[in-house]
Protein chains: 2
Amino acid sequence: MQAVALVPDGPELRVIETERPSPDDGEALIRTLAVGIDGSDRRIVAGEIGGDVPAGADHLVLGHEAVGVVADANGTGLAEGEVVAPLVRRPVDAGSRFAENGELDVAPPGTFHECGITGAHGYMAEYFTANPEHLASVPDSRAEYGFFVEPASLLEKSLEQAFAARSAFAWRPERAFVLGNGNLGLLALARLATGDEFARTYCLGRRDRPDPTIDFIEAVGATYVDSRETPVADFADTHAPADYVFETTGYPKHAVDAVRALAPNGVATVQGIPEESDSFAVDCGAFHSELVVTNKALLGVVNSRRSHFEAAAEWLGDVPKSVLDDLVTGIYGLDEIEAAFANSPETLKSVVSFDL
Amino acid sequence: MQAVALVPDGPELRVIETERPSPDDGEALIRTLAVGIDGSDRRIVAGEIGGDVPAGADHLVLGHEAVGVVADANGTGLAEGEVVAPLVRRPVDAGSRFAENGELDVAPPGTFHECGITGAHGYMAEYFTANPEHLASVPDSRAEYGFFVEPASLLEKSLEQAFAARSAFAWRPERAFVLGNGNLGLLALARLATGDEFARTYCLGRRDRPDPTIDFIEAVGATYVDSRETPVADFADTHAPADYVFETTGYPKHAVDAVRALAPNGVATVQGIPEESDSFAVDCGAFHSELVVTNKALLGVVNSRRSHFEAAAEWLGDVPKSVLDDLVTGIYGLDEIEAAFANSPETLKSVVSFDL
């Protein structure tokens, strides 16, 4: 079968011919429909993060935002033809409590591989195998958008964490502010703008009109915030303080500035991973005081688990297809793989199609 | 009756003669047993924080860590002779949702007064009045230590917030690290060291032996961490990463450094309020990455509500009196009020007695 792989020397992105995997006991064989590409994938290909090949392999199959159909249930209880999205992490030790609880998203570093990212093959191949506990069901009606389940699951985890952190009192959030208009930011904005939790939504970018990201932001009913005019630290004064901030930029100072953008009792979740150490002068006195005096919360969130995939799949089944269509700016075959991984101001979400 | 008040000019600390309050409908009359003094009280007297007199008054009665007995139930349903500790905040608007929910601890600034701190009289007087919803019951056996309920309630709120923030997965904390060996830090350490939540406890200070705070830390079975040898940012490497950090220092950089002291999935609550703006060079890239990659949480916590007072009173009923005795280093009458408010390296908790 064909697969899209990273060969460590270079590193180099290649379409390779490799053996179709055979499911082990307890695993199903999945036929891939499509795989989305995100900023992490581009950083892996650029040699900036991840990219470790699995033990004994000479390449890493890429791709962690996948959707497929069950081709061979292999006695797992899955239904052949069922549409599924696979989780990203796999345990180094299947007997760890994190693996047994299905909570690899909170397992300590070093105790898991990340499929398509580091240490385990991903899903950008005609077929892959997976245990049902690492698969979430996707509504048939959304099979063609199922690659959104993985990134959307990160927002579901973040929302779960945010609401849990405010669960000891009557939190009544109204305004959500997404930092970043990349593909995760826009998908999160779509979820927040179409969900029931928030009455008003905002999205930070640094683009001039006309621009497809600004068009998308306004099409879902959100307010565009140009960071060149309104830095995150000035957001509360310029607009209104946010009850929830969802950060995707990985800009190092945004973890600190997000706290300033919050209303009393507000919560910010940070998901972006800065590329490197980066020192700034920070008014730690003001940062510390604001956290305390108005009961604010700052939470780091990475990865997601099956329940978050299921919540994301449920949302995907509810959201109008037109919103999803607006996010998909390119569907590529294996003969266009360089173009699929390229990025431009017009790129929102690029997808590699195996059978869309 | 006699009361300890702050007169704004100066400002000046004085024992004054004032009228005994009459309970309004719905209020009980409480006879004060004792009132503890904390760092906030000393800062109020120094003119650094709070100190606003109630509308129409020319002084502010001090004291917010009080215990008393019901002298006149006045039809409230309280039992005369019942031992009670009063909450700190009172609503500006009794019809606000925060007032109606009993959640003034998360009400926005400007919507409440703080008794004995700013805008409303405190409890350092022979009698005070209060509505039962602003009183928590204290076990009779701990009447003489009831002034610990208010500060201990802050830890109860912080623990509630910390566990709520980790409630969406199986959090199994083992190590707690208290930043600060002032009276709140040591009381919190006593609670954490004697409670069931943590197997190991640590407390940060910057004192040389022999020292009464180090003696107390070790007496409750905790490990003393000298910040001159082991700054907070080095704690995890020198000892072991903490699952929970409880900050009381108000040192501006501790909100940031606490995150570095945490284990994966750890949570830090910050309660200290820095005196002023204070800028430091912060590696925001590392701070941001650590939060994200290991799912860490940083929560600001201020004030507390009735359920936290009740939890604190319950703990107070369980903890050996000897632990509490070790914390009380001075009991003063009204004729020694300057001495009661003085501070020294030997001072752990000073208490003004009305009838202990």
# chains A, B, ... in the order shown; residues from 1 in each chain; ligands from 1

$ residues_around --residues "Val220 of chain B" --least-positions-apart "5" --cutoff "9 Å" --atoms "only C-alpha atoms" --output "list in words"
Leu189, Ala190, Ala193, Thr194, Asp215 and Val323 of chain B

$ write_last_selection --atoms "N, CA and C atoms" --output "PDB file, in the first residue's frame"
ATOM      1  N   LEU B 189       0.056  24.474  56.196  1.00  0.00           N
ATOM      2  CA  LEU B 189       0.928  23.297  56.291  1.00  0.00           C
ATOM      3  C   LEU B 189       0.380  22.312  57.319  1.00  0.00           C
ATOM      4  N   ALA B 190      -0.076  22.835  58.460  1.00  0.00           N
ATOM      5  CA  ALA B 190      -0.644  21.960  59.493  1.00  0.00           C
ATOM      6  C   ALA B 190      -1.826  21.179  58.927  1.00  0.00           C
ATOM      7  N   ALA B 193      -0.509  18.663  56.272  1.00  0.00           N
ATOM      8  CA  ALA B 193       0.296  17.588  56.881  1.00  0.00           C
ATOM      9  C   ALA B 193      -0.565  16.638  57.703  1.00  0.00           C
ATOM     10  N   THR B 194      -1.686  17.140  58.234  1.00  0.00           N
ATOM     11  CA  THR B 194      -2.538  16.283  59.068  1.00  0.00           C
ATOM     12  C   THR B 194      -3.728  15.725  58.295  1.00  0.00           C
ATOM     13  N   ASP B 215      10.988  24.814  63.467  1.00  0.00           N
ATOM     14  CA  ASP B 215      10.584  23.818  64.469  1.00  0.00           C
ATOM     15  C   ASP B 215       9.156  23.338  64.204  1.00  0.00           C
ATOM     16  N   VAL B 323      -1.058  20.960  68.142  1.00  0.00           N
ATOM     17  CA  VAL B 323      -0.617  21.593  66.900  1.00  0.00           C
ATOM     18  C   VAL B 323      -1.056  23.053  66.893  1.00  0.00           C
TER      19      VAL B 323
END

$ interface_residues --of "chain B" --to "chain A" --cutoff "7 Å" --atoms "only C-alpha atoms" --output "number ranges by chain"
B: 106, 108, 161, 164-165, 167-168, 252-253, 255, 264-265, 270-271, 273-274, 276-286, 288-289, 291-302

$ select_by_dssp --residues "segment 18-177 of chain A" --states "alpha helix (DSSP H)" --output "NGL selection string"
:A and (39-45 or 97-100 or 149-165)

$ write_last_selection --atoms "N, CA, C and O atoms" --output "mmCIF file, in the first residue's frame"
data_model
loop_
_atom_site.group_PDB
_atom_site.id
_atom_site.type_symbol
_atom_site.label_atom_id
_atom_site.label_comp_id
_atom_site.auth_asym_id
_atom_site.auth_seq_id
_atom_site.Cartn_x
_atom_site.Cartn_y
_atom_site.Cartn_z
ATOM 1 N N GLY A 39 -0.282 22.362 11.795
ATOM 2 C CA GLY A 39 1.018 23.000 11.970
ATOM 3 C C GLY A 39 2.066 22.045 12.529
ATOM 4 O O GLY A 39 3.254 22.144 12.178
ATOM 5 N N SER A 40 1.648 21.111 13.378
ATOM 6 C CA SER A 40 2.612 20.142 13.919
ATOM 7 C C SER A 40 3.196 19.296 12.802
ATOM 8 O O SER A 40 4.403 19.026 12.782
ATOM 9 N N ASP A 41 2.348 18.872 11.885
ATOM 10 C CA ASP A 41 2.846 18.052 10.771
ATOM 11 C C ASP A 41 3.927 18.800 9.988
ATOM 12 O O ASP A 41 4.946 18.222 9.625
ATOM 13 N N ARG A 42 3.658 20.093 9.762
ATOM 14 C CA ARG A 42 4.649 20.870 9.002
ATOM 15 C C ARG A 42 5.942 21.034 9.801
ATOM 16 O O ARG A 42 7.034 21.033 9.227
ATOM 17 N N ARG A 43 5.815 21.152 11.111
ATOM 18 C CA ARG A 43 7.024 21.277 11.942
ATOM 19 C C ARG A 43 7.792 19.956 12.006
ATOM 20 O O ARG A 43 9.018 19.949 12.101
ATOM 21 N N ILE A 44 7.071 18.849 11.986
ATOM 22 C CA ILE A 44 7.746 17.543 11.966
ATOM 23 C C ILE A 44 8.559 17.406 10.664
ATOM 24 O O ILE A 44 9.725 17.014 10.683
ATOM 25 N N VAL A 45 7.916 17.756 9.561
ATOM 26 C CA VAL A 45 8.592 17.644 8.257
ATOM 27 C C VAL A 45 9.796 18.590 8.183
ATOM 28 O O VAL A 45 10.826 18.265 7.588
ATOM 29 N N ARG A 97 -1.276 2.832 34.652
ATOM 30 C CA ARG A 97 -2.636 3.223 35.048
ATOM 31 C C ARG A 97 -3.248 4.203 34.066
ATOM 32 O O ARG A 97 -4.454 4.237 33.873
ATOM 33 N N PHE A 98 -2.412 4.998 33.411
ATOM 34 C CA PHE A 98 -2.930 5.935 32.417
ATOM 35 C C PHE A 98 -3.485 5.178 31.209
ATOM 36 O O PHE A 98 -4.527 5.531 30.671
ATOM 37 N N ALA A 99 -2.777 4.129 30.790
ATOM 38 C CA ALA A 99 -3.262 3.310 29.673
ATOM 39 C C ALA A 99 -4.535 2.575 30.089
ATOM 40 O O ALA A 99 -5.517 2.550 29.349
ATOM 41 N N GLU A 100 -4.531 2.011 31.271
ATOM 42 C CA GLU A 100 -5.691 1.239 31.709
ATOM 43 C C GLU A 100 -6.923 2.116 31.912
ATOM 44 O O GLU A 100 -8.046 1.675 31.694
ATOM 45 N N VAL A 149 -12.231 15.596 13.720
ATOM 46 C CA VAL A 149 -12.535 15.103 15.072
ATOM 47 C C VAL A 149 -11.325 15.271 15.992
ATOM 48 O O VAL A 149 -11.462 15.727 17.130
ATOM 49 N N GLU A 150 -10.144 14.912 15.503
ATOM 50 C CA GLU A 150 -8.961 15.007 16.385
ATOM 51 C C GLU A 150 -8.704 16.449 16.828
ATOM 52 O O GLU A 150 -8.657 16.723 18.037
ATOM 53 N N PRO A 151 -8.549 17.423 15.916
ATOM 54 C CA PRO A 151 -8.318 18.782 16.430
ATOM 55 C C PRO A 151 -9.493 19.302 17.264
ATOM 56 O O PRO A 151 -9.284 19.992 18.274
ATOM 57 N N ALA A 152 -10.724 18.980 16.866
ATOM 58 C CA ALA A 152 -11.871 19.461 17.649
ATOM 59 C C ALA A 152 -11.890 18.841 19.044
ATOM 60 O O ALA A 152 -12.398 19.443 19.992
ATOM 61 N N SER A 153 -11.310 17.637 19.166
ATOM 62 C CA SER A 153 -11.293 16.990 20.492
ATOM 63 C C SER A 153 -10.433 17.761 21.479
ATOM 64 O O SER A 153 -10.657 17.706 22.683
ATOM 65 N N LEU A 154 -9.448 18.496 20.964
ATOM 66 C CA LEU A 154 -8.592 19.286 21.855
ATOM 67 C C LEU A 154 -9.402 20.412 22.498
ATOM 68 O O LEU A 154 -9.239 20.718 23.692
ATOM 69 N N LEU A 155 -10.295 21.024 21.719
ATOM 70 C CA LEU A 155 -11.167 22.040 22.307
ATOM 71 C C LEU A 155 -12.114 21.404 23.312
ATOM 72 O O LEU A 155 -12.369 21.964 24.369
ATOM 73 N N GLU A 156 -12.628 20.209 22.987
ATOM 74 C CA GLU A 156 -13.538 19.555 23.940
ATOM 75 C C GLU A 156 -12.832 19.282 25.259
ATOM 76 O O GLU A 156 -13.396 19.495 26.335
ATOM 77 N N LYS A 157 -11.574 18.834 25.192
ATOM 78 C CA LYS A 157 -10.838 18.625 26.438
ATOM 79 C C LYS A 157 -10.646 19.952 27.165
ATOM 80 O O LYS A 157 -10.811 20.029 28.387
ATOM 81 N N SER A 158 -10.288 20.976 26.431
ATOM 82 C CA SER A 158 -10.035 22.275 27.060
ATOM 83 C C SER A 158 -11.297 22.818 27.720
ATOM 84 O O SER A 158 -11.249 23.346 28.837
ATOM 85 N N LEU A 159 -12.422 22.696 27.042
ATOM 86 C CA LEU A 159 -13.688 23.146 27.637
ATOM 87 C C LEU A 159 -14.017 22.334 28.883
ATOM 88 O O LEU A 159 -14.464 22.881 29.894
ATOM 89 N N GLU A 160 -13.798 21.022 28.793
ATOM 90 C CA GLU A 160 -14.060 20.175 29.963
ATOM 91 C C GLU A 160 -13.201 20.632 31.138
ATOM 92 O O GLU A 160 -13.681 20.760 32.270
ATOM 93 N N GLN A 161 -11.928 20.891 30.867
ATOM 94 C CA GLN A 161 -11.012 21.335 31.924
ATOM 95 C C GLN A 161 -11.445 22.697 32.468
ATOM 96 O O GLN A 161 -11.407 22.937 33.670
ATOM 97 N N ALA A 162 -11.828 23.594 31.575
ATOM 98 C CA ALA A 162 -12.217 24.936 32.001
ATOM 99 C C ALA A 162 -13.462 24.876 32.887
ATOM 100 O O ALA A 162 -13.503 25.488 33.965
ATOM 101 N N PHE A 163 -14.469 24.145 32.443
ATOM 102 C CA PHE A 163 -15.698 24.065 33.244
ATOM 103 C C PHE A 163 -15.451 23.305 34.549
ATOM 104 O O PHE A 163 -16.011 23.663 35.586
ATOM 105 N N ALA A 164 -14.597 22.291 34.508
ATOM 106 C CA ALA A 164 -14.266 21.576 35.754
ATOM 107 C C ALA A 164 -13.601 22.535 36.745
ATOM 108 O O ALA A 164 -13.913 22.542 37.938
ATOM 109 N N ALA A 165 -12.712 23.367 36.215
ATOM 110 C CA ALA A 165 -11.978 24.286 37.096
ATOM 111 C C ALA A 165 -12.900 25.344 37.701
ATOM 112 O O ALA A 165 -12.548 25.971 38.696
#

$ atom_distance --atom1 "atom CA of Asp325 of chain B" --atom2 "atom CA of Leu187 of chain B"
11.4 Å

$ residues_around --residues "Ala28 of chain A" --least-positions-apart "3" --cutoff "8 Å" --atoms "only C-alpha atoms" --output "MDAnalysis selection string"
chainID A and resid 23:24 70:76 78 129:132

$ write_last_selection --atoms "C-alpha atoms" --output "PDB file, in the first residue's frame"
ATOM      1  CA  PRO A  23      -4.387  -6.439  12.665  1.00  0.00           C
ATOM      2  CA  ASP A  24      -3.158  -8.183  15.796  1.00  0.00           C
ATOM      3  CA  VAL A  70     -13.596  -0.405   9.479  1.00  0.00           C
ATOM      4  CA  ALA A  71     -12.441  -2.779   6.720  1.00  0.00           C
ATOM      5  CA  ASP A  72     -11.891  -5.865   8.883  1.00  0.00           C
ATOM      6  CA  ALA A  73     -13.465  -5.886  12.340  1.00  0.00           C
ATOM      7  CA  ASN A  74     -11.303  -8.918  13.219  1.00  0.00           C
ATOM      8  CA  GLY A  75     -13.570  -9.936  16.107  1.00  0.00           C
ATOM      9  CA  THR A  76     -13.324  -6.603  17.907  1.00  0.00           C
ATOM     10  CA  LEU A  78     -16.760  -2.976  15.615  1.00  0.00           C
ATOM     11  CA  THR A 129      -4.747  -0.929  12.494  1.00  0.00           C
ATOM     12  CA  ALA A 130      -6.081   0.079  15.894  1.00  0.00           C
ATOM     13  CA  ASN A 131      -7.633  -1.274  19.036  1.00  0.00           C
ATOM     14  CA  PRO A 132     -11.275  -0.153  19.490  1.00  0.00           C
TER      15      PRO A 132
END

$ atom_distance --atom1 "atom CA of Ala340 of chain A" --atom2 "atom CA of Val4 of chain A"
11.1 Å

$ residues_around --residues "Ile117 of chain A" --least-positions-apart "3" --cutoff "12 Å" --atoms "only C-alpha atoms" --output "ChimeraX atom specification"
/A:5-6,37-45,47-54,59-65,88-90,112-114,120-124,303

$ residues_around --residues "segment 346-356 of chain B" --least-positions-apart "5" --cutoff "8 Å" --atoms "only C-alpha atoms" --output "PyMOL selection string"
chain B and resi 32-38+124-126+144+182-183+211-213+327-334+337+340-341

$ atom_distance --atom1 "atom CA of Gln2 of chain A" --atom2 "atom CA of Glu17 of chain A"
4.7 Å

$ select_by_dssp --residues "segment 91-311 of chain A" --states "strand (DSSP E)" --output "MDAnalysis selection string"
chainID A and resid 91 112:115 119:120 127:130 135:137 175:179 200:205 223:226 242:247 262:270 279:283 297:300

$ closest_residue --among "B:Pro173, B:Gly26, B:Gly221, B:Pro345" --to "Glu197 of chain B" --atoms "only C-alpha atoms"
B:Pro173
